[in-house]
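Shown below: work02.cif, with mmCIF, C-alpha atoms.
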```
data_upload
#
loop_
_atom_site.group_PDB
_atom_site.id
_atom_site.type_symbol
_atom_site.label_atom_id
_atom_site.label_comp_id
_atom_site.auth_asym_id
_atom_site.auth_seq_id
_atom_site.Cartn_x
_atom_site.Cartn_y
_atom_site.Cartn_z
ATOM 1 C CA MET A 12 -12.115 -12.720 -5.711
ATOM 2 C CA LYS A 13 -9.658 -10.220 -7.186
ATOM 3 C CA SER A 14 -5.984 -11.064 -7.530
ATOM 4 C CA ILE A 15 -3.404 -9.388 -5.298
ATOM 5 C CA PRO A 16 -2.209 -7.077 -8.128
ATOM 6 C CA GLU A 17 -5.833 -6.109 -8.891
ATOM 7 C CA LEU A 18 -6.487 -5.363 -5.214
ATOM 8 C CA HIS A 19 -3.350 -3.232 -5.027
ATOM 9 C CA ALA A 20 -4.452 -1.217 -8.067
ATOM 10 C CA ALA A 21 -7.907 -0.682 -6.530
ATOM 11 C CA PHE A 22 -6.465 0.391 -3.153
ATOM 12 C CA ALA A 23 -4.006 2.774 -4.857
ATOM 13 C CA ARG A 24 -6.911 4.399 -6.751
ATOM 14 C CA ASN A 25 -8.537 5.148 -3.374
ATOM 15 C CA VAL A 26 -5.833 7.754 -2.713
ATOM 16 C CA LEU A 27 -7.444 10.715 -4.419
ATOM 17 C CA ASN A 28 -5.026 13.478 -3.396
ATOM 18 C CA ASP A 29 -2.050 14.314 -1.182
ATOM 19 C CA ALA A 30 -4.324 15.551 1.595
ATOM 20 C CA MET A 31 -5.439 11.957 2.137
ATOM 21 C CA LEU A 32 -1.816 10.982 2.817
ATOM 22 C CA GLU A 33 -0.894 13.994 4.922
ATOM 23 C CA SER A 34 -1.739 12.527 8.342
ATOM 24 C CA TRP A 35 -0.187 9.149 7.464
ATOM 25 C CA ALA A 36 3.025 10.862 6.372
ATOM 26 C CA SER A 37 3.104 12.835 9.606
ATOM 27 C CA ASP A 38 2.386 9.752 11.759
ATOM 28 C CA LEU A 39 5.116 7.732 10.028
ATOM 29 C CA GLY A 40 7.642 10.583 9.877
ATOM 30 C CA VAL A 41 8.004 10.431 6.102
ATOM 31 C CA SER A 42 7.060 12.656 3.189
ATOM 32 C CA ILE A 43 3.904 12.416 1.137
ATOM 33 C CA GLU A 44 6.145 11.984 -1.898
ATOM 34 C CA SER A 45 7.800 8.910 -0.388
ATOM 35 C CA LEU A 46 4.408 7.305 0.266
ATOM 36 C CA ARG A 47 3.322 8.063 -3.291
ATOM 37 C CA SER A 48 6.576 6.619 -4.705
ATOM 38 C CA LEU A 49 5.912 3.330 -2.881
ATOM 39 C CA GLY A 50 2.443 3.123 -4.403
ATOM 40 C CA VAL A 51 0.519 3.091 -1.130
ATOM 41 C CA GLY A 52 -3.230 2.770 -1.091
ATOM 42 C CA VAL A 53 -6.134 2.811 1.324
ATOM 43 C CA TYR A 54 -8.280 -0.176 2.243
ATOM 44 C CA PRO A 55 -11.752 1.408 2.368
ATOM 45 C CA TYR A 56 -13.343 -0.946 4.896
ATOM 46 C CA THR A 57 -10.711 -0.448 7.591
ATOM 47 C CA GLY A 58 -9.149 2.885 6.621
ATOM 48 C CA ALA A 59 -5.725 1.217 6.845
ATOM 49 C CA ILE A 60 -2.909 2.346 4.608
ATOM 50 C CA THR A 61 -1.728 -0.403 2.253
ATOM 51 C CA PHE A 62 1.773 -1.113 0.988
ATOM 52 C CA PRO A 63 2.443 -3.304 -2.045
ATOM 53 C CA GLU A 64 5.046 -6.001 -1.423
ATOM 54 C CA ARG A 65 7.021 -6.876 -4.540
ATOM 55 C CA ASN A 66 9.248 -9.678 -5.763
ATOM 56 C CA ALA A 67 12.627 -9.097 -7.431
ATOM 57 C CA LYS A 68 10.891 -8.478 -10.795
ATOM 58 C CA GLY A 69 8.759 -5.690 -9.315
ATOM 59 C CA GLU A 70 5.544 -7.707 -9.437
ATOM 60 C CA VAL A 71 3.091 -7.104 -6.600
ATOM 61 C CA ILE A 72 2.854 -10.390 -4.694
ATOM 62 C CA GLY A 73 1.402 -9.140 -1.429
ATOM 63 C CA ILE A 74 -0.252 -6.249 0.331
ATOM 64 C CA SER A 75 0.538 -5.279 3.885
ATOM 65 C CA GLN A 76 -1.702 -2.968 5.874
ATOM 66 C CA ARG A 77 -1.041 -0.638 8.761
ATOM 67 C CA SER A 78 -3.950 0.545 10.862
ATOM 68 C CA ARG A 79 -4.123 3.858 12.707
ATOM 69 C CA ASP A 80 -3.252 2.132 15.999
ATOM 70 C CA GLY A 81 -0.020 0.814 14.429
ATOM 71 C CA LYS A 82 -1.093 -2.803 13.956
ATOM 72 C CA LYS A 83 0.272 -4.452 10.842
ATOM 73 C CA PHE A 84 -1.303 -7.308 8.931
ATOM 74 C CA MET A 85 -1.433 -8.829 5.463
ATOM 75 C CA ILE A 86 -4.287 -9.105 2.973
ATOM 76 C CA LYS A 87 -5.435 -12.720 2.652
ATOM 77 C CA GLY A 88 -3.587 -14.491 -0.157
ATOM 78 C CA SER A 89 -0.549 -12.199 0.071
ATOM 79 C CA LYS A 90 3.034 -13.401 -0.018
ATOM 80 C CA ARG A 91 5.803 -11.551 1.782
ATOM 81 C CA GLY A 92 8.036 -9.462 -0.420
ATOM 82 C CA LEU A 93 9.918 -6.197 -0.286
ATOM 83 C CA ILE A 94 8.477 -2.707 -0.123
ATOM 84 C CA TYR A 95 10.354 -0.484 -2.558
ATOM 85 C CA GLN A 96 9.843 2.129 -5.248
ATOM 86 C CA PHE A 97 9.270 0.475 -8.600
ATOM 87 C CA THR A 98 9.728 2.162 -11.954
ATOM 88 C CA ASN A 99 9.351 0.670 -15.418
ATOM 89 C CA ASN A 100 12.385 2.491 -16.840
#
```

What does the file become when written as structure tokens?
Amino acid sequence: MKSIPELHAAFARNVLNDAMLESWASDLGVSIESLRSLGVGVYPYTGAITFPERNAKGEVIGISQRSRDGKKFMIKGSKRGLIYQFTNN
């Protein structure tokens, strides 16, 4: 089984262009740019949008999902963290 950081990277690669995020941005009332800055992804089996949850060092320790019907759940093995923009500057 892949680690949580590896899963996050794979889910983030599933977002091929801004058009894929357009309806999510509209549904959530945020910009496409804000979703991109958080490093969201897509879980291909459910179509849910994924959000990396980070610790204070910026390491991805969990992945939360939000389905189209608004239900929220965590990927197995995830730990709760914070959802914030992370930069390596």

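Between CA of Val26 (chain A) and CA of Gly52 (chain A) lies a distance of 5.9 Å.
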
On this file, the PyMOL selection byres ((chain A and resi 80-94) around 7) gives some set of residues; write that set as a PDB file with C-alpha atoms, keeping the file's coordinate frame.
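The result, stored in expr26.pdb:
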```
ATOM      1  CA  ILE A  15      -3.404  -9.388  -5.298  1.00  0.00           C
ATOM      2  CA  PHE A  62       1.773  -1.113   0.988  1.00  0.00           C
ATOM      3  CA  PRO A  63       2.443  -3.304  -2.045  1.00  0.00           C
ATOM      4  CA  GLU A  64       5.046  -6.001  -1.423  1.00  0.00           C
ATOM      5  CA  ARG A  65       7.021  -6.876  -4.540  1.00  0.00           C
ATOM      6  CA  ASN A  66       9.248  -9.678  -5.763  1.00  0.00           C
ATOM      7  CA  ILE A  72       2.854 -10.390  -4.694  1.00  0.00           C
ATOM      8  CA  GLY A  73       1.402  -9.140  -1.429  1.00  0.00           C
ATOM      9  CA  ILE A  74      -0.252  -6.249   0.331  1.00  0.00           C
ATOM     10  CA  SER A  75       0.538  -5.279   3.885  1.00  0.00           C
ATOM     11  CA  GLN A  76      -1.702  -2.968   5.874  1.00  0.00           C
ATOM     12  CA  ARG A  77      -1.041  -0.638   8.761  1.00  0.00           C
ATOM     13  CA  SER A  78      -3.950   0.545  10.862  1.00  0.00           C
ATOM     14  CA  ARG A  79      -4.123   3.858  12.707  1.00  0.00           C
ATOM     15  CA  TYR A  95      10.354  -0.484  -2.558  1.00  0.00           C
TER      16      TYR A  95
END
```

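For the atom pair formed by CA of Glu17 (chain A) and CA of Leu46 (chain A), the distance is 19.2 Å, given to one decimal.
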
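With distances restricted to all atoms listed in the file, A:Arg47 is the closest residue to Leu32 (chain A) from A:Arg47, A:Ser14, A:Gly69, A:Ala20.
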
Evaluate the PyMOL selection byres ((chain A and resi 96) around 8) and report residues as a ChimeraX atom specification
/A:48-50,94-95,97-98

Which one of A:Ile60, A:Lys13, A:Asp29, A:Leu18 sits closest to Ile43 (chain A) if you count all atoms listed in the file?
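Using all atoms listed in the file, the shortest distance to Ile43 (chain A) belongs to A:Asp29.
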
Axis-aligned box for all listed atoms of region 72-82 of chain A, 8 Å per side, centre and edges in Å to one decimal, as AutoDock Vina command-line options:
```
--center_x -0.6 --center_y -3.3 --center_z 5.7 --size_x 23.0 --size_y 30.2 --size_z 36.7
```

My list of candidates is A:Ser34, A:Ala21, A:Met12, A:Lys68. Which is closest to Val53 (chain A) when distances are computed with only C-alpha atoms?
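The closest residue to Val53 (chain A) is A:Ala21.
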
Work out how far CA of Glu70 (chain A) is from CA of His19 (chain A), in Å to one decimal.
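A separation of 10.9 Å between them.
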
Missing atoms in region 46-57 of chain A: can you complete it with all heavy atoms, as a PDB file, keeping the file's coordinate frame?
```pdb
ATOM      1  N   LEU A  46       5.546   8.228   0.267  1.00  0.00           N
ATOM      2  CA  LEU A  46       4.408   7.305   0.266  1.00  0.00           C
ATOM      3  C   LEU A  46       3.882   7.097  -1.147  1.00  0.00           C
ATOM      4  O   LEU A  46       3.601   5.969  -1.557  1.00  0.00           O
ATOM      5  CB  LEU A  46       3.299   7.828   1.177  1.00  0.00           C
ATOM      6  CG  LEU A  46       3.600   7.839   2.670  1.00  0.00           C
ATOM      7  CD1 LEU A  46       2.434   8.449   3.445  1.00  0.00           C
ATOM      8  CD2 LEU A  46       3.917   6.445   3.185  1.00  0.00           C
ATOM      9  N   ARG A  47       3.772   8.175  -1.895  1.00  0.00           N
ATOM     10  CA  ARG A  47       3.322   8.063  -3.291  1.00  0.00           C
ATOM     11  C   ARG A  47       4.286   7.184  -4.105  1.00  0.00           C
ATOM     12  O   ARG A  47       3.849   6.371  -4.911  1.00  0.00           O
ATOM     13  CB  ARG A  47       3.223   9.439  -3.931  1.00  0.00           C
ATOM     14  CG  ARG A  47       2.021  10.214  -3.519  1.00  0.00           C
ATOM     15  CD  ARG A  47       1.038  10.247  -4.659  1.00  0.00           C
ATOM     16  NE  ARG A  47      -0.060  11.131  -4.301  1.00  0.00           N
ATOM     17  CZ  ARG A  47      -1.310  10.806  -4.516  1.00  0.00           C
ATOM     18  NH1 ARG A  47      -1.614   9.680  -5.068  1.00  0.00           N
ATOM     19  NH2 ARG A  47      -2.275  11.629  -4.186  1.00  0.00           N
ATOM     20  N   SER A  48       5.601   7.373  -3.904  1.00  0.00           N
ATOM     21  CA  SER A  48       6.576   6.619  -4.705  1.00  0.00           C
ATOM     22  C   SER A  48       6.524   5.119  -4.415  1.00  0.00           C
ATOM     23  O   SER A  48       6.886   4.314  -5.264  1.00  0.00           O
ATOM     24  CB  SER A  48       7.992   7.157  -4.479  1.00  0.00           C
ATOM     25  OG  SER A  48       8.477   6.777  -3.209  1.00  0.00           O
ATOM     26  N   LEU A  49       6.054   4.748  -3.218  1.00  0.00           N
ATOM     27  CA  LEU A  49       5.912   3.330  -2.881  1.00  0.00           C
ATOM     28  C   LEU A  49       4.616   2.743  -3.428  1.00  0.00           C
ATOM     29  O   LEU A  49       4.445   1.525  -3.443  1.00  0.00           O
ATOM     30  CB  LEU A  49       5.952   3.135  -1.363  1.00  0.00           C
ATOM     31  CG  LEU A  49       7.276   3.455  -0.694  1.00  0.00           C
ATOM     32  CD1 LEU A  49       7.126   3.359   0.812  1.00  0.00           C
ATOM     33  CD2 LEU A  49       8.372   2.527  -1.190  1.00  0.00           C
ATOM     34  N   GLY A  50       3.707   3.600  -3.859  1.00  0.00           N
ATOM     35  CA  GLY A  50       2.443   3.123  -4.403  1.00  0.00           C
ATOM     36  C   GLY A  50       1.445   2.717  -3.337  1.00  0.00           C
ATOM     37  O   GLY A  50       0.687   1.773  -3.528  1.00  0.00           O
ATOM     38  N   VAL A  51       1.444   3.436  -2.209  1.00  0.00           N
ATOM     39  CA  VAL A  51       0.519   3.091  -1.130  1.00  0.00           C
ATOM     40  C   VAL A  51      -0.922   3.281  -1.575  1.00  0.00           C
ATOM     41  O   VAL A  51      -1.207   3.988  -2.538  1.00  0.00           O
ATOM     42  CB  VAL A  51       0.787   3.901   0.158  1.00  0.00           C
ATOM     43  CG1 VAL A  51       2.184   3.666   0.665  1.00  0.00           C
ATOM     44  CG2 VAL A  51       0.503   5.366  -0.033  1.00  0.00           C
ATOM     45  N   GLY A  52      -1.809   2.645  -0.842  1.00  0.00           N
ATOM     46  CA  GLY A  52      -3.230   2.770  -1.091  1.00  0.00           C
ATOM     47  C   GLY A  52      -3.975   2.846   0.222  1.00  0.00           C
ATOM     48  O   GLY A  52      -3.366   2.922   1.299  1.00  0.00           O
ATOM     49  N   VAL A  53      -5.282   2.801   0.133  1.00  0.00           N
ATOM     50  CA  VAL A  53      -6.134   2.811   1.324  1.00  0.00           C
ATOM     51  C   VAL A  53      -7.158   1.698   1.174  1.00  0.00           C
ATOM     52  O   VAL A  53      -7.829   1.593   0.137  1.00  0.00           O
ATOM     53  CB  VAL A  53      -6.844   4.169   1.498  1.00  0.00           C
ATOM     54  CG1 VAL A  53      -7.830   4.113   2.654  1.00  0.00           C
ATOM     55  CG2 VAL A  53      -5.835   5.280   1.716  1.00  0.00           C
ATOM     56  N   TYR A  54      -7.264   0.864   2.218  1.00  0.00           N
ATOM     57  CA  TYR A  54      -8.280  -0.176   2.243  1.00  0.00           C
ATOM     58  C   TYR A  54      -9.553   0.462   2.789  1.00  0.00           C
ATOM     59  O   TYR A  54      -9.599   0.865   3.942  1.00  0.00           O
ATOM     60  CB  TYR A  54      -7.813  -1.343   3.113  1.00  0.00           C
ATOM     61  CG  TYR A  54      -8.738  -2.534   3.114  1.00  0.00           C
ATOM     62  CD1 TYR A  54      -9.133  -3.112   1.920  1.00  0.00           C
ATOM     63  CD2 TYR A  54      -9.194  -3.082   4.299  1.00  0.00           C
ATOM     64  CE1 TYR A  54      -9.969  -4.219   1.908  1.00  0.00           C
ATOM     65  CE2 TYR A  54     -10.033  -4.188   4.298  1.00  0.00           C
ATOM     66  CZ  TYR A  54     -10.412  -4.749   3.102  1.00  0.00           C
ATOM     67  OH  TYR A  54     -11.242  -5.833   3.092  1.00  0.00           O
ATOM     68  N   PRO A  55     -10.603   0.595   1.972  1.00  0.00           N
ATOM     69  CA  PRO A  55     -11.752   1.408   2.368  1.00  0.00           C
ATOM     70  C   PRO A  55     -12.537   0.888   3.572  1.00  0.00           C
ATOM     71  O   PRO A  55     -13.136   1.673   4.289  1.00  0.00           O
ATOM     72  CB  PRO A  55     -12.627   1.426   1.110  1.00  0.00           C
ATOM     73  CG  PRO A  55     -12.212   0.241   0.324  1.00  0.00           C
ATOM     74  CD  PRO A  55     -10.768   0.016   0.640  1.00  0.00           C
ATOM     75  N   TYR A  56     -12.540  -0.402   3.806  1.00  0.00           N
ATOM     76  CA  TYR A  56     -13.343  -0.946   4.896  1.00  0.00           C
ATOM     77  C   TYR A  56     -12.722  -0.729   6.264  1.00  0.00           C
ATOM     78  O   TYR A  56     -13.421  -0.656   7.258  1.00  0.00           O
ATOM     79  CB  TYR A  56     -13.617  -2.431   4.666  1.00  0.00           C
ATOM     80  CG  TYR A  56     -14.401  -2.654   3.395  1.00  0.00           C
ATOM     81  CD1 TYR A  56     -13.815  -3.270   2.303  1.00  0.00           C
ATOM     82  CD2 TYR A  56     -15.719  -2.215   3.276  1.00  0.00           C
ATOM     83  CE1 TYR A  56     -14.520  -3.448   1.118  1.00  0.00           C
ATOM     84  CE2 TYR A  56     -16.430  -2.388   2.091  1.00  0.00           C
ATOM     85  CZ  TYR A  56     -15.823  -3.012   1.037  1.00  0.00           C
ATOM     86  OH  TYR A  56     -16.519  -3.172  -0.132  1.00  0.00           O
ATOM     87  N   THR A  57     -11.386  -0.625   6.304  1.00  0.00           N
ATOM     88  CA  THR A  57     -10.711  -0.448   7.591  1.00  0.00           C
ATOM     89  C   THR A  57     -10.073   0.922   7.728  1.00  0.00           C
ATOM     90  O   THR A  57      -9.727   1.327   8.826  1.00  0.00           O
ATOM     91  CB  THR A  57      -9.613  -1.513   7.774  1.00  0.00           C
ATOM     92  OG1 THR A  57      -8.609  -1.323   6.762  1.00  0.00           O
ATOM     93  CG2 THR A  57     -10.179  -2.917   7.700  1.00  0.00           C
TER      94      THR A  57
END
```
